[in-house]
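Asker: My structure is stored as protein31.cif, with mmCIF, C-alpha atoms and all ligand atoms.
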```cif
data_upload
loop_
_atom_site.label_atom_id
_atom_site.label_comp_id
_atom_site.auth_asym_id
_atom_site.auth_seq_id
_atom_site.Cartn_x
_atom_site.Cartn_y
_atom_site.Cartn_z
CA MET X 44 174.13 180.58 150.37
CA PRO X 45 175.99 182.64 153.03
CA GLU X 46 177.78 185.65 151.57
CA ARG X 47 180.02 188.39 152.85
CA VAL X 48 177.99 191.59 152.63
CA VAL X 49 179.19 195.16 153.10
CA VAL X 50 176.39 197.45 154.27
CA VAL X 51 177.05 201.15 153.65
CA GLY X 52 175.31 203.33 156.25
CA ALA X 53 174.62 202.98 159.96
CA GLY X 54 171.28 204.76 160.19
CA VAL X 55 168.08 202.88 160.95
CA ILE X 56 168.01 201.39 157.43
CA GLY X 57 171.61 200.16 157.38
CA LEU X 58 171.46 198.65 160.88
CA SER X 59 168.08 196.95 160.29
CA CYS X 60 169.32 195.45 157.00
CA ALA X 61 172.57 194.37 158.68
CA LEU X 62 170.72 192.59 161.48
CA ARG X 63 168.33 190.75 159.16
CA LEU X 64 171.26 189.71 156.90
CA LEU X 65 173.19 188.38 159.92
CA GLU X 66 170.10 186.45 161.05
CA ALA X 67 169.91 184.97 157.54
CA GLY X 68 173.44 183.62 158.00
CA HIS X 69 175.52 186.21 156.11
CA ARG X 70 178.76 187.78 157.30
CA VAL X 71 178.12 191.50 157.56
CA ASP X 72 180.40 194.53 157.88
CA VAL X 73 178.78 197.97 158.18
CA LEU X 74 180.81 200.97 156.97
CA ALA X 75 179.55 204.47 157.72
CA ARG X 76 180.76 208.05 157.76
CA GLU X 77 178.41 208.81 160.68
CA LEU X 78 177.88 206.27 163.45
CA PRO X 79 174.27 205.54 164.54
CA LEU X 80 173.72 208.38 167.02
CA GLU X 81 175.17 210.92 164.56
CA THR X 82 172.80 210.06 161.69
CA THR X 83 169.53 211.60 160.50
CA SER X 84 167.89 208.55 162.04
CA ALA X 85 168.91 209.80 165.50
CA VAL X 86 166.87 212.99 164.94
CA ALA X 87 163.62 211.18 164.08
CA ALA X 88 160.74 211.74 166.53
CA ALA X 89 160.07 208.74 165.95
CA LEU X 90 156.45 207.94 165.44
CA TRP X 91 155.41 205.04 163.18
CA TYR X 92 153.72 206.98 160.37
CA PRO X 93 154.05 206.72 156.55
CA TYR X 94 155.09 210.31 155.76
CA LEU X 95 156.86 211.69 152.67
CA ALA X 96 157.48 208.23 151.24
CA LEU X 97 156.27 206.55 148.04
CA PRO X 98 155.07 204.39 146.27
CA GLN X 99 151.90 203.95 148.31
CA ASP X 100 151.39 200.20 147.79
CA LYS X 101 154.93 199.21 148.78
CA VAL X 102 155.08 201.78 151.59
CA THR X 103 151.86 200.34 153.04
CA ALA X 104 153.26 196.78 152.92
CA TRP X 105 156.67 197.75 154.36
CA SER X 106 155.00 199.85 157.09
CA ALA X 107 152.71 196.95 158.04
CA THR X 108 155.69 194.60 158.44
CA SER X 109 157.52 197.14 160.60
CA TYR X 110 154.39 197.75 162.70
CA ASP X 111 154.29 194.09 163.67
CA VAL X 112 158.01 193.92 164.44
CA PHE X 113 157.88 197.08 166.58
CA ALA X 114 154.79 195.78 168.42
CA GLY X 115 156.86 192.73 169.39
CA LEU X 116 159.89 194.84 170.41
CA ALA X 117 157.70 196.98 172.69
CA ASP X 118 157.63 194.06 175.15
CA ASP X 119 161.30 194.77 175.92
CA PRO X 120 161.90 198.21 177.54
CA ALA X 121 165.58 198.06 176.51
CA THR X 122 164.55 198.63 172.88
CA GLY X 123 163.08 202.09 173.55
CA VAL X 124 159.91 201.09 171.66
CA ALA X 125 156.44 201.71 173.15
CA MET X 126 152.96 201.25 171.71
CA ARG X 127 151.00 204.49 172.28
CA ARG X 128 147.56 205.67 171.25
CA GLY X 129 147.41 209.02 169.50
CA THR X 130 145.25 211.30 167.41
CA GLU X 131 145.73 212.88 164.00
CA LEU X 132 143.67 216.02 163.28
CA LEU X 133 142.87 217.06 159.71
CA THR X 134 141.97 220.39 158.17
CA GLU X 135 139.36 218.89 155.78
CA GLN X 136 136.91 215.98 155.94
CA SER X 137 138.89 213.09 154.52
CA GLU X 138 138.63 209.56 153.22
CA ASP X 139 140.45 206.87 155.19
CA PRO X 140 144.23 207.28 154.86
CA TRP X 141 145.85 205.35 151.98
CA TRP X 142 147.96 203.36 154.47
CA ILE X 143 144.97 202.19 156.54
CA ASP X 144 145.71 198.52 155.86
CA ALA X 145 149.01 198.87 157.72
CA VAL X 146 147.34 199.48 161.11
CA PRO X 147 145.21 196.95 163.00
CA ALA X 148 142.47 199.50 163.79
CA LEU X 149 141.75 203.18 163.15
CA GLU X 150 138.85 205.02 164.79
CA ARG X 151 137.30 208.26 163.63
CA VAL X 152 137.20 210.94 166.35
CA ALA X 153 135.09 214.07 166.69
CA PRO X 154 137.50 216.85 165.68
CA ARG X 155 137.87 219.99 167.75
CA ALA X 156 138.08 223.46 166.17
CA PRO X 157 139.80 224.51 163.95
CA TYR X 158 140.02 220.95 162.59
CA ARG X 159 137.32 219.24 160.50
CA ASP X 160 138.20 215.56 160.80
CA GLY X 161 140.40 213.21 162.75
CA TRP X 162 141.28 209.65 163.63
CA SER X 163 142.96 207.81 166.46
CA PHE X 164 145.09 204.68 166.42
CA VAL X 165 147.75 202.86 168.40
CA ALA X 166 151.22 203.24 166.87
CA PRO X 167 154.78 202.36 167.79
CA VAL X 168 156.78 205.27 169.23
CA ILE X 169 160.51 204.67 169.00
CA ASP X 170 162.95 206.54 171.22
CA MET X 171 165.85 206.63 168.75
CA SER X 172 168.45 207.55 171.37
CA ARG X 173 167.83 204.15 172.96
CA TYR X 174 166.69 202.18 169.93
CA LEU X 175 169.77 202.86 167.79
CA VAL X 176 172.04 201.85 170.68
CA TRP X 177 170.03 198.63 171.10
CA LEU X 178 170.05 197.92 167.34
CA HIS X 179 173.80 198.60 167.07
CA GLY X 180 174.33 196.18 169.99
CA ARG X 181 172.21 193.51 168.28
CA VAL X 182 174.32 193.79 165.11
CA LEU X 183 177.55 193.36 167.11
CA ASP X 184 176.09 190.48 169.19
CA ALA X 185 175.10 188.70 165.98
CA GLY X 186 178.72 188.85 164.77
CA GLY X 187 178.59 191.96 162.58
CA THR X 188 181.01 194.88 162.65
CA VAL X 189 180.30 198.62 162.47
CA THR X 190 183.25 200.80 161.38
CA ARG X 191 183.50 204.51 160.75
CA MET X 192 184.64 205.13 157.20
CA ALA X 193 183.82 207.93 154.76
CA LEU X 194 183.65 206.25 151.38
CA PRO X 195 184.47 208.17 148.17
CA GLN X 196 182.49 205.54 146.21
CA LEU X 197 180.61 202.30 146.84
CA PRO X 198 183.06 199.47 147.69
CA GLU X 199 183.93 196.88 145.04
CA GLY X 200 181.96 193.70 145.93
CA PRO X 201 181.59 191.09 147.08
CA LEU X 202 177.99 192.15 147.78
CA VAL X 203 177.11 195.70 148.80
CA VAL X 204 173.90 197.01 150.37
CA ASP X 205 173.70 200.75 149.84
CA CYS X 206 171.82 202.35 152.78
CA SER X 207 173.51 205.72 152.45
CA GLY X 208 170.40 207.91 152.67
CA LEU X 209 171.25 211.37 151.31
CA GLY X 210 174.77 210.04 150.63
CA SER X 211 173.26 208.24 147.61
CA ARG X 212 173.43 211.54 145.73
CA HIS X 213 177.16 210.94 145.52
CA LEU X 214 177.64 207.18 146.09
CA ALA X 215 174.91 206.11 143.65
CA SER X 216 175.23 209.24 141.46
CA ASP X 217 171.54 209.85 142.15
CA PRO X 218 170.51 213.53 142.16
CA THR X 219 166.85 212.56 142.68
CA THR X 220 167.58 212.04 146.40
CA THR X 221 167.15 215.47 147.97
CA PRO X 222 167.02 216.86 151.52
CA VAL X 223 163.81 217.80 153.31
CA ARG X 224 164.94 219.68 156.39
CA GLY X 225 163.19 218.94 159.67
CA GLN X 226 163.66 220.83 162.94
CA VAL X 227 162.44 219.54 166.30
CA VAL X 228 162.49 220.72 169.90
CA VAL X 229 162.94 218.19 172.70
CA LEU X 230 160.99 219.07 175.87
CA GLU X 231 160.96 217.64 179.36
CA GLN X 232 158.29 215.00 179.97
CA VAL X 233 155.23 216.61 181.59
CA GLY X 234 153.18 213.45 182.07
CA LEU X 235 152.01 213.02 178.47
CA ASP X 236 151.39 209.49 177.22
CA GLN X 237 149.50 210.03 173.94
CA TRP X 238 150.93 211.39 170.67
CA TRP X 239 149.30 214.14 168.59
CA LEU X 240 149.63 215.00 164.94
CA ALA X 241 148.00 217.91 163.10
CA GLU X 242 147.95 218.20 159.34
CA ASP X 243 148.68 221.94 159.33
CA GLY X 244 152.32 222.63 159.90
CA PRO X 245 152.61 219.65 160.10
CA THR X 246 152.70 219.76 163.87
CA TYR X 247 153.47 216.76 166.01
CA VAL X 248 153.93 215.97 169.69
CA VAL X 249 155.54 212.62 170.42
CA PRO X 250 155.96 211.60 174.07
CA ARG X 251 158.80 209.23 174.96
CA THR X 252 159.65 207.83 178.39
CA HIS X 253 161.82 210.70 179.61
CA ASP X 254 161.09 213.53 177.15
CA ILE X 255 158.74 214.78 174.40
CA VAL X 256 159.73 215.53 170.80
CA VAL X 257 157.74 218.34 169.15
CA GLY X 258 157.88 219.43 165.53
CA GLY X 259 157.90 220.01 162.83
CA THR X 260 159.05 221.51 159.61
CA ASP X 261 159.54 220.09 156.11
CA ASP X 262 161.67 222.44 154.02
CA ALA X 263 162.41 220.78 150.67
CA GLY X 264 165.87 221.40 149.21
CA GLU X 265 167.17 223.06 152.38
CA TRP X 266 170.62 221.87 153.59
CA ASP X 267 171.10 224.07 156.70
CA ARG X 268 171.63 221.87 159.78
CA THR X 269 171.76 224.69 162.32
CA PRO X 270 168.58 225.01 164.44
CA SER X 271 166.81 228.32 163.81
CA PRO X 272 165.54 230.10 166.97
CA ASP X 273 162.59 231.58 165.04
CA THR X 274 161.59 228.15 163.75
CA ALA X 275 161.88 226.71 167.26
CA ASP X 276 159.54 229.45 168.57
CA ASP X 277 157.04 228.69 165.81
CA VAL X 278 157.20 224.92 166.48
CA LEU X 279 156.64 225.50 170.21
CA ARG X 280 153.71 227.83 169.53
CA ARG X 281 152.03 225.30 167.25
CA ALA X 282 152.74 222.35 169.56
CA THR X 283 151.36 224.19 172.59
CA ALA X 284 148.22 225.18 170.67
CA LEU X 285 147.75 221.48 169.86
CA VAL X 286 148.57 220.21 173.37
CA PRO X 287 148.10 223.03 175.96
CA GLN X 288 149.66 220.77 178.62
CA LEU X 289 153.05 221.63 177.06
CA ALA X 290 152.87 225.31 178.15
CA GLY X 291 155.96 226.14 180.19
CA ALA X 292 157.68 222.77 179.61
CA ARG X 293 161.47 223.08 179.83
CA VAL X 294 163.36 222.92 176.52
CA LEU X 295 166.07 220.24 176.64
CA ARG X 296 167.49 220.29 173.10
CA HIS X 297 167.08 221.61 169.55
CA LYS X 298 167.76 219.28 166.63
CA VAL X 299 167.79 219.40 162.84
CA GLY X 300 167.87 216.50 160.40
CA LEU X 301 167.83 216.24 156.62
CA ARG X 302 165.31 213.61 155.47
CA PRO X 303 166.53 211.65 152.44
CA ALA X 304 163.58 212.27 150.11
CA ARG X 305 163.14 210.74 146.66
CA PRO X 306 160.20 210.60 144.24
CA GLU X 307 160.08 206.86 145.11
CA ILE X 308 162.14 204.77 147.51
CA ARG X 309 164.87 202.89 145.66
CA LEU X 310 164.97 199.24 146.69
CA GLU X 311 166.46 197.18 143.87
CA ARG X 312 169.44 195.00 143.03
CA VAL X 313 171.81 196.08 140.26
CA GLY X 314 174.52 193.46 139.83
CA ASP X 315 176.22 193.01 143.19
CA VAL X 316 174.70 196.15 144.72
CA VAL X 317 171.35 196.28 146.50
CA HIS X 318 170.22 199.90 146.80
CA CYS X 319 167.93 200.78 149.71
CA TYR X 320 167.56 204.52 150.19
CA GLY X 321 165.24 207.50 149.80
CA HIS X 322 162.94 206.79 152.76
CA GLY X 323 161.98 210.45 153.24
CA GLY X 324 160.06 211.09 156.45
CA ALA X 325 159.41 207.43 157.21
CA GLY X 326 162.70 205.56 157.43
CA VAL X 327 161.94 204.20 160.90
CA THR X 328 158.39 203.27 159.87
CA LEU X 329 159.65 201.36 156.82
CA SER X 330 162.84 199.88 158.26
CA TRP X 331 161.85 196.27 159.00
CA GLY X 332 159.76 195.86 155.87
CA CYS X 333 162.57 197.12 153.65
CA ALA X 334 165.17 195.02 155.49
CA ALA X 335 163.16 191.87 154.74
CA ASP X 336 163.11 192.71 151.01
CA VAL X 337 166.84 193.48 151.06
CA VAL X 338 167.53 189.96 152.40
CA THR X 339 165.42 188.50 149.59
CA LEU X 340 167.40 190.49 147.00
CA VAL X 341 170.76 189.53 148.54
CA ASP X 342 169.69 185.90 148.43
CA GLY X 343 169.02 186.37 144.74
CA VAL X 344 165.27 186.05 144.69
CA THR X 345 163.16 188.78 143.12
CA ALA X 346 161.35 190.77 145.83
C1 LIG X 401 162.98 215.98 162.19
C2 LIG X 401 162.77 214.60 161.66
C3 LIG X 401 161.74 213.82 162.19
C4 LIG X 401 161.52 212.53 161.69
N1 LIG X 401 160.52 211.79 162.26
C5 LIG X 401 160.30 210.52 161.79
C6 LIG X 401 159.29 209.73 162.39
O1 LIG X 401 158.60 210.17 163.31
N2 LIG X 401 159.10 208.47 161.90
C7 LIG X 401 159.86 207.96 160.87
O2 LIG X 401 159.64 206.82 160.46
N3 LIG X 401 160.84 208.72 160.30
C8 LIG X 401 161.06 209.98 160.72
N4 LIG X 401 162.03 210.75 160.15
C9 LIG X 401 162.71 210.25 158.92
C10 LIG X 401 163.87 209.34 159.24
O3 LIG X 401 164.72 209.96 160.15
C11 LIG X 401 164.64 209.00 157.95
O4 LIG X 401 163.76 208.51 156.96
C12 LIG X 401 165.67 207.93 158.25
O5 LIG X 401 166.53 208.38 159.27
C13 LIG X 401 166.48 207.52 157.03
O6 LIG X 401 167.36 206.52 157.47
P1 LIG X 401 168.64 206.10 156.65
O7 LIG X 401 169.30 205.01 157.43
O8 LIG X 401 168.27 205.85 155.24
O9 LIG X 401 169.55 207.43 156.60
P2 LIG X 401 170.54 208.07 157.68
O10 LIG X 401 170.04 207.94 159.06
O11 LIG X 401 170.82 209.45 157.16
O12 LIG X 401 171.86 207.21 157.56
C14 LIG X 401 172.66 207.25 156.39
C15 LIG X 401 173.99 206.57 156.67
O13 LIG X 401 174.77 206.53 155.47
C16 LIG X 401 176.08 206.99 155.77
N5 LIG X 401 176.75 207.54 154.60
C17 LIG X 401 176.28 208.45 153.72
N6 LIG X 401 177.26 208.74 152.81
C18 LIG X 401 178.33 207.97 153.13
C19 LIG X 401 179.64 207.83 152.58
N7 LIG X 401 180.05 208.52 151.51
N8 LIG X 401 180.50 206.94 153.18
C20 LIG X 401 180.12 206.24 154.25
N9 LIG X 401 178.89 206.36 154.83
C21 LIG X 401 178.01 207.21 154.25
C22 LIG X 401 175.84 208.04 156.84
O14 LIG X 401 177.05 208.36 157.50
C23 LIG X 401 174.84 207.30 157.73
O15 LIG X 401 175.51 206.39 158.56
C24 LIG X 401 162.32 212.03 160.63
C25 LIG X 401 163.36 212.80 160.13
C26 LIG X 401 163.58 214.07 160.63
C27 LIG X 401 164.73 214.87 160.07
#
```
Could the structure of this file be written out as structure tokens, please?
Ligand SMILES: Cc1cc2nc3c(=O)[nH]c(=O)nc-3n(C[C@H](O)[C@H](O)[C@H](O)COP(=O)(O)OP(=O)(O)OC[C@H]3O[C@@H](n4cnc5c(N)ncnc54)[C@H](O)[C@@H]3O)c2cc1C

Answerer:
Amino acid sequence: MPERVVVVGAGVIGLSCALRLLEAGHRVDVLARELPLETTSAVAAALWYPYLALPQDKVTAWSATSYDVFAGLADDPATGVAMRRGTELLTEQSEDPWWIDAVPALERVAPRAPYRDGWSFVAPVIDMSRYLVWLHGRVLDAGGTVTRMALPQLPEGPLVVDCSGLGSRHLASDPTTTPVRGQVVVLEQVGLDQWWLAEDGPTYVVPRTHDIVVGGTDDAGEWDRTPSPDTADDVLRRATALVPQLAGARVLRHKVGLRPARPEIRLERVGDVVHCYGHGGAGVTLSWGCAADVVTLVDGVTA
């Protein structure tokens, strides 16, 4: 039955849930302290990759759903989504990754020193500066609203979907959501079309249409949102060692985001509130899978 739903949060999770709820026939109003391009989601690289997110079985299923949706969106350049092949290099010989069922194919590659293993696969790369604008537009086109509002507490009914990320510490009184700071450097595009990921660091190089995002850092419990010049130098050194083609590339921007980490993602309905937060380093990767389960919970069926 159609309901009026208030979605709290306008990051990738809130907007994806809002769009799926609108498509299911609900009336949806999004309330958020930060609008889409001001959120943590806007800092994401964003490579489809299940990172810093648990539990493994659900994360694999949610990631697989999102993979398929993003593969479809890549047909439309306005979305900012592209399917790109890339390589992950590992410091030890490893079993297949636990999320292997979420990708159509994964090929082992001969690692180069100092790495001891590696694999290659095609993954969605999402340019968040374009994707969030597109997603926001889809929500409005479908009849939803997005309004800036800093909430002191979750609204009283009718039905609330809590996609507040780190804000859940306060709004859901949940101290188990904690920040994992990530700093990236955005470089000019130098003709790169494949992504690279190395386990040490971790270090990643994610090419988009007009620029390249390189990272990264994962400092648990760190709240500082000011980019550190020393960290930027270290990120650039590691990224250039991984992809020598980056040497001398012009730096366009420095960015910091606080990943909303949690021992396990919270996706459950408690009375008239559906909580959906704690996506760690994989909120983009999980977004469409989680949004589908949120619709099921709003409609009153156990996910
Ligand atoms: C450097 C970096 C690189 C990353 N790379 C990737 C990647 O390659 N792939 C990937 O999948 N993920 C990546 N991530 C992780 C991803 O960015 C997060 O998992 C994702 O953004 C979480 O989305 P969210 O919508 O839950 O939270 P957010 O984007 O933080 O949005 C939360 C929303 O809730 C609102 N809110 C909070 N409190 C209140 C309140 N009191 N009142 C009103 N509104 C409130 C906020 O204003 C905001 O609108 C990366 C993150 C970082 C920092």

Asker: Could you build a table of the residues in chain X lying no more than 6 Å from ligand LIG 401 (chain X), giving for each the nearest pair of atoms and their separation in Å rounded to one decimal place, using only C-alpha atoms and all ligand atoms, ordered by chain and ascending residue number, as JSON lines?

Answerer:
```
{"residue": "X:Val51", "atom": "CA", "partner": "X:LIG401", "partner_atom": "N9", "distance": 5.6}
{"residue": "X:Gly52", "atom": "CA", "partner": "X:LIG401", "partner_atom": "O13", "distance": 3.3}
{"residue": "X:Ala53", "atom": "CA", "partner": "X:LIG401", "partner_atom": "O15", "distance": 3.8}
{"residue": "X:Gly54", "atom": "CA", "partner": "X:LIG401", "partner_atom": "O7", "distance": 3.4}
{"residue": "X:Val55", "atom": "CA", "partner": "X:LIG401", "partner_atom": "O7", "distance": 4.3}
{"residue": "X:Ile56", "atom": "CA", "partner": "X:LIG401", "partner_atom": "O7", "distance": 3.8}
{"residue": "X:Gly57", "atom": "CA", "partner": "X:LIG401", "partner_atom": "O7", "distance": 5.4}
{"residue": "X:Leu74", "atom": "CA", "partner": "X:LIG401", "partner_atom": "C20", "distance": 6.0}
{"residue": "X:Ala75", "atom": "CA", "partner": "X:LIG401", "partner_atom": "N9", "distance": 3.5}
{"residue": "X:Arg76", "atom": "CA", "partner": "X:LIG401", "partner_atom": "O14", "distance": 3.7}
{"residue": "X:Glu77", "atom": "CA", "partner": "X:LIG401", "partner_atom": "O14", "distance": 3.5}
{"residue": "X:Leu78", "atom": "CA", "partner": "X:LIG401", "partner_atom": "O15", "distance": 5.4}
{"residue": "X:Thr82", "atom": "CA", "partner": "X:LIG401", "partner_atom": "O10", "distance": 4.4}
{"residue": "X:Thr83", "atom": "CA", "partner": "X:LIG401", "partner_atom": "O10", "distance": 4.0}
{"residue": "X:Ser84", "atom": "CA", "partner": "X:LIG401", "partner_atom": "O5", "distance": 3.1}
{"residue": "X:Val86", "atom": "CA", "partner": "X:LIG401", "partner_atom": "C2", "distance": 5.5}
{"residue": "X:Ala87", "atom": "CA", "partner": "X:LIG401", "partner_atom": "C4", "distance": 3.5}
{"residue": "X:Ala88", "atom": "CA", "partner": "X:LIG401", "partner_atom": "O1", "distance": 4.2}
{"residue": "X:Ala89", "atom": "CA", "partner": "X:LIG401", "partner_atom": "O1", "distance": 3.3}
{"residue": "X:Leu90", "atom": "CA", "partner": "X:LIG401", "partner_atom": "O1", "distance": 3.8}
{"residue": "X:Trp91", "atom": "CA", "partner": "X:LIG401", "partner_atom": "N2", "distance": 5.2}
{"residue": "X:Tyr92", "atom": "CA", "partner": "X:LIG401", "partner_atom": "N2", "distance": 5.8}
{"residue": "X:Met192", "atom": "CA", "partner": "X:LIG401", "partner_atom": "C20", "distance": 5.5}
{"residue": "X:Ala193", "atom": "CA", "partner": "X:LIG401", "partner_atom": "N8", "distance": 3.8}
{"residue": "X:Leu194", "atom": "CA", "partner": "X:LIG401", "partner_atom": "N8", "distance": 3.7}
{"residue": "X:Pro195", "atom": "CA", "partner": "X:LIG401", "partner_atom": "N7", "distance": 5.6}
{"residue": "X:Cys206", "atom": "CA", "partner": "X:LIG401", "partner_atom": "O8", "distance": 5.6}
{"residue": "X:Ser207", "atom": "CA", "partner": "X:LIG401", "partner_atom": "O13", "distance": 3.4}
{"residue": "X:Gly208", "atom": "CA", "partner": "X:LIG401", "partner_atom": "O8", "distance": 3.9}
{"residue": "X:Gly210", "atom": "CA", "partner": "X:LIG401", "partner_atom": "N6", "distance": 3.6}
{"residue": "X:Gly225", "atom": "CA", "partner": "X:LIG401", "partner_atom": "C1", "distance": 3.9}
{"residue": "X:Gln226", "atom": "CA", "partner": "X:LIG401", "partner_atom": "C1", "distance": 5.0}
{"residue": "X:Val227", "atom": "CA", "partner": "X:LIG401", "partner_atom": "C1", "distance": 5.5}
{"residue": "X:Val299", "atom": "CA", "partner": "X:LIG401", "partner_atom": "C1", "distance": 5.9}
{"residue": "X:Gly300", "atom": "CA", "partner": "X:LIG401", "partner_atom": "C27", "distance": 3.6}
{"residue": "X:Leu301", "atom": "CA", "partner": "X:LIG401", "partner_atom": "C27", "distance": 4.8}
{"residue": "X:Arg302", "atom": "CA", "partner": "X:LIG401", "partner_atom": "C27", "distance": 4.8}
{"residue": "X:Tyr320", "atom": "CA", "partner": "X:LIG401", "partner_atom": "O8", "distance": 5.3}
{"residue": "X:His322", "atom": "CA", "partner": "X:LIG401", "partner_atom": "O4", "distance": 4.6}
{"residue": "X:Gly323", "atom": "CA", "partner": "X:LIG401", "partner_atom": "O4", "distance": 4.6}
{"residue": "X:Gly324", "atom": "CA", "partner": "X:LIG401", "partner_atom": "C9", "distance": 3.7}
{"residue": "X:Ala325", "atom": "CA", "partner": "X:LIG401", "partner_atom": "O2", "distance": 3.3}
{"residue": "X:Gly326", "atom": "CA", "partner": "X:LIG401", "partner_atom": "O4", "distance": 3.2}
{"residue": "X:Val327", "atom": "CA", "partner": "X:LIG401", "partner_atom": "O2", "distance": 3.5}
{"residue": "X:Thr328", "atom": "CA", "partner": "X:LIG401", "partner_atom": "O2", "distance": 3.8}
```

Asker: Do a neighbour search on Leu197 (chain X) at 10 Å with all atoms listed in the file, toss out local chain neighbours closer than 2 positions, and write the hits as an MDAnalysis selection string.

Answerer: chainID X and resid 49:51 194:195 199:200 203:205 207 211 213:215 316

Asker: If you keep C-alpha atoms, can you produce a file of those selected residues as an mmCIF file, in the frame of the given file?

Answerer:
```cif
data_model
loop_
_atom_site.group_PDB
_atom_site.id
_atom_site.type_symbol
_atom_site.label_atom_id
_atom_site.label_comp_id
_atom_site.auth_asym_id
_atom_site.auth_seq_id
_atom_site.Cartn_x
_atom_site.Cartn_y
_atom_site.Cartn_z
ATOM 1 C CA VAL X 49 179.190 195.160 153.100
ATOM 2 C CA VAL X 50 176.390 197.450 154.270
ATOM 3 C CA VAL X 51 177.050 201.150 153.650
ATOM 4 C CA LEU X 194 183.650 206.250 151.380
ATOM 5 C CA PRO X 195 184.470 208.170 148.170
ATOM 6 C CA GLU X 199 183.930 196.880 145.040
ATOM 7 C CA GLY X 200 181.960 193.700 145.930
ATOM 8 C CA VAL X 203 177.110 195.700 148.800
ATOM 9 C CA VAL X 204 173.900 197.010 150.370
ATOM 10 C CA ASP X 205 173.700 200.750 149.840
ATOM 11 C CA SER X 207 173.510 205.720 152.450
ATOM 12 C CA SER X 211 173.260 208.240 147.610
ATOM 13 C CA HIS X 213 177.160 210.940 145.520
ATOM 14 C CA LEU X 214 177.640 207.180 146.090
ATOM 15 C CA ALA X 215 174.910 206.110 143.650
ATOM 16 C CA VAL X 316 174.700 196.150 144.720
#
```

Asker: Excluding region 228-233 of chain X and any residue of its chain fewer than 4 positions from it, enumerate the residues within 10 Å of it, using all atoms listed in the file, and give them as a PDB file with C-alpha atoms, in the frame of the given file.

Answerer:
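out-v3.pdb, freshly written:
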```
ATOM      1  CA  ALA X  88     160.740 211.740 166.530  1.00  0.00           C
ATOM      2  CA  VAL X 248     153.930 215.970 169.690  1.00  0.00           C
ATOM      3  CA  VAL X 249     155.540 212.620 170.420  1.00  0.00           C
ATOM      4  CA  PRO X 250     155.960 211.600 174.070  1.00  0.00           C
ATOM      5  CA  ARG X 251     158.800 209.230 174.960  1.00  0.00           C
ATOM      6  CA  THR X 252     159.650 207.830 178.390  1.00  0.00           C
ATOM      7  CA  HIS X 253     161.820 210.700 179.610  1.00  0.00           C
ATOM      8  CA  ASP X 254     161.090 213.530 177.150  1.00  0.00           C
ATOM      9  CA  ILE X 255     158.740 214.780 174.400  1.00  0.00           C
ATOM     10  CA  VAL X 256     159.730 215.530 170.800  1.00  0.00           C
ATOM     11  CA  VAL X 257     157.740 218.340 169.150  1.00  0.00           C
ATOM     12  CA  GLY X 258     157.880 219.430 165.530  1.00  0.00           C
ATOM     13  CA  GLY X 259     157.900 220.010 162.830  1.00  0.00           C
ATOM     14  CA  PRO X 270     168.580 225.010 164.440  1.00  0.00           C
ATOM     15  CA  THR X 274     161.590 228.150 163.750  1.00  0.00           C
ATOM     16  CA  ALA X 275     161.880 226.710 167.260  1.00  0.00           C
ATOM     17  CA  ASP X 276     159.540 229.450 168.570  1.00  0.00           C
ATOM     18  CA  VAL X 278     157.200 224.920 166.480  1.00  0.00           C
ATOM     19  CA  LEU X 279     156.640 225.500 170.210  1.00  0.00           C
ATOM     20  CA  ALA X 282     152.740 222.350 169.560  1.00  0.00           C
ATOM     21  CA  GLN X 288     149.660 220.770 178.620  1.00  0.00           C
ATOM     22  CA  LEU X 289     153.050 221.630 177.060  1.00  0.00           C
ATOM     23  CA  ALA X 290     152.870 225.310 178.150  1.00  0.00           C
ATOM     24  CA  GLY X 291     155.960 226.140 180.190  1.00  0.00           C
ATOM     25  CA  ALA X 292     157.680 222.770 179.610  1.00  0.00           C
ATOM     26  CA  ARG X 293     161.470 223.080 179.830  1.00  0.00           C
ATOM     27  CA  VAL X 294     163.360 222.920 176.520  1.00  0.00           C
ATOM     28  CA  LEU X 295     166.070 220.240 176.640  1.00  0.00           C
ATOM     29  CA  ARG X 296     167.490 220.290 173.100  1.00  0.00           C
ATOM     30  CA  HIS X 297     167.080 221.610 169.550  1.00  0.00           C
ATOM     31  CA  LYS X 298     167.760 219.280 166.630  1.00  0.00           C
ATOM     32  CA  VAL X 299     167.790 219.400 162.840  1.00  0.00           C
TER      33      VAL X 299
END
```

Asker: Rank X:Lys101, X:Arg224, X:Met44, X:Ala166 by their smallest atom-to-atom distance to Thr269 (chain X), using all atoms listed in the file, and report the top residue only.

Answerer: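 Result for the nearest residue to Thr269 (chain X): X:Arg224.
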
Asker: State, in Å with one decimal place, the distance from CA of Glu150 (chain X) to CA of Ala96 (chain X).

Answerer: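 That distance, rounded to one decimal, is 23.3 Å.
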
Asker: What does the distance between CA of Ala117 (chain X) and CA of Leu62 (chain X) come to in Å, to one decimal place?

Answerer: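 Spanning CA of Ala117 (chain X) to CA of Leu62 (chain X) is a straight-line distance of 17.7 Å.
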
Asker: With distances taken over only C-alpha atoms, which residue among X:Trp238, X:Trp105, X:Trp177, X:Phe113 lies nearest Leu58 (chain X)?

Answerer: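 For Leu58 (chain X), the nearest of the given residues is X:Trp177.
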
Asker: Write out, as a tab-separated table, each residue of region 244-319 of chain X that has an atom at most 12 Å from region 130-138 of chain X, together with the closest pair of atoms and their distance in Å to one decimal, counting all atoms listed in the file, rows going by chain and rising number.

Answerer:
```
residue	atom	partner	partner_atom	distance
X:Gly244	CA	X:Thr134	CA	10.7
X:Pro245	CA	X:Leu133	CA	10.1
X:Thr246	CA	X:Leu132	CA	9.8
X:Tyr247	CA	X:Glu131	CA	8.9
X:Val248	CA	X:Thr130	CA	10.1
X:Val249	CA	X:Thr130	CA	10.8
X:Leu285	CA	X:Leu132	CA	9.5
X:Val286	CA	X:Thr130	CA	11.2
```
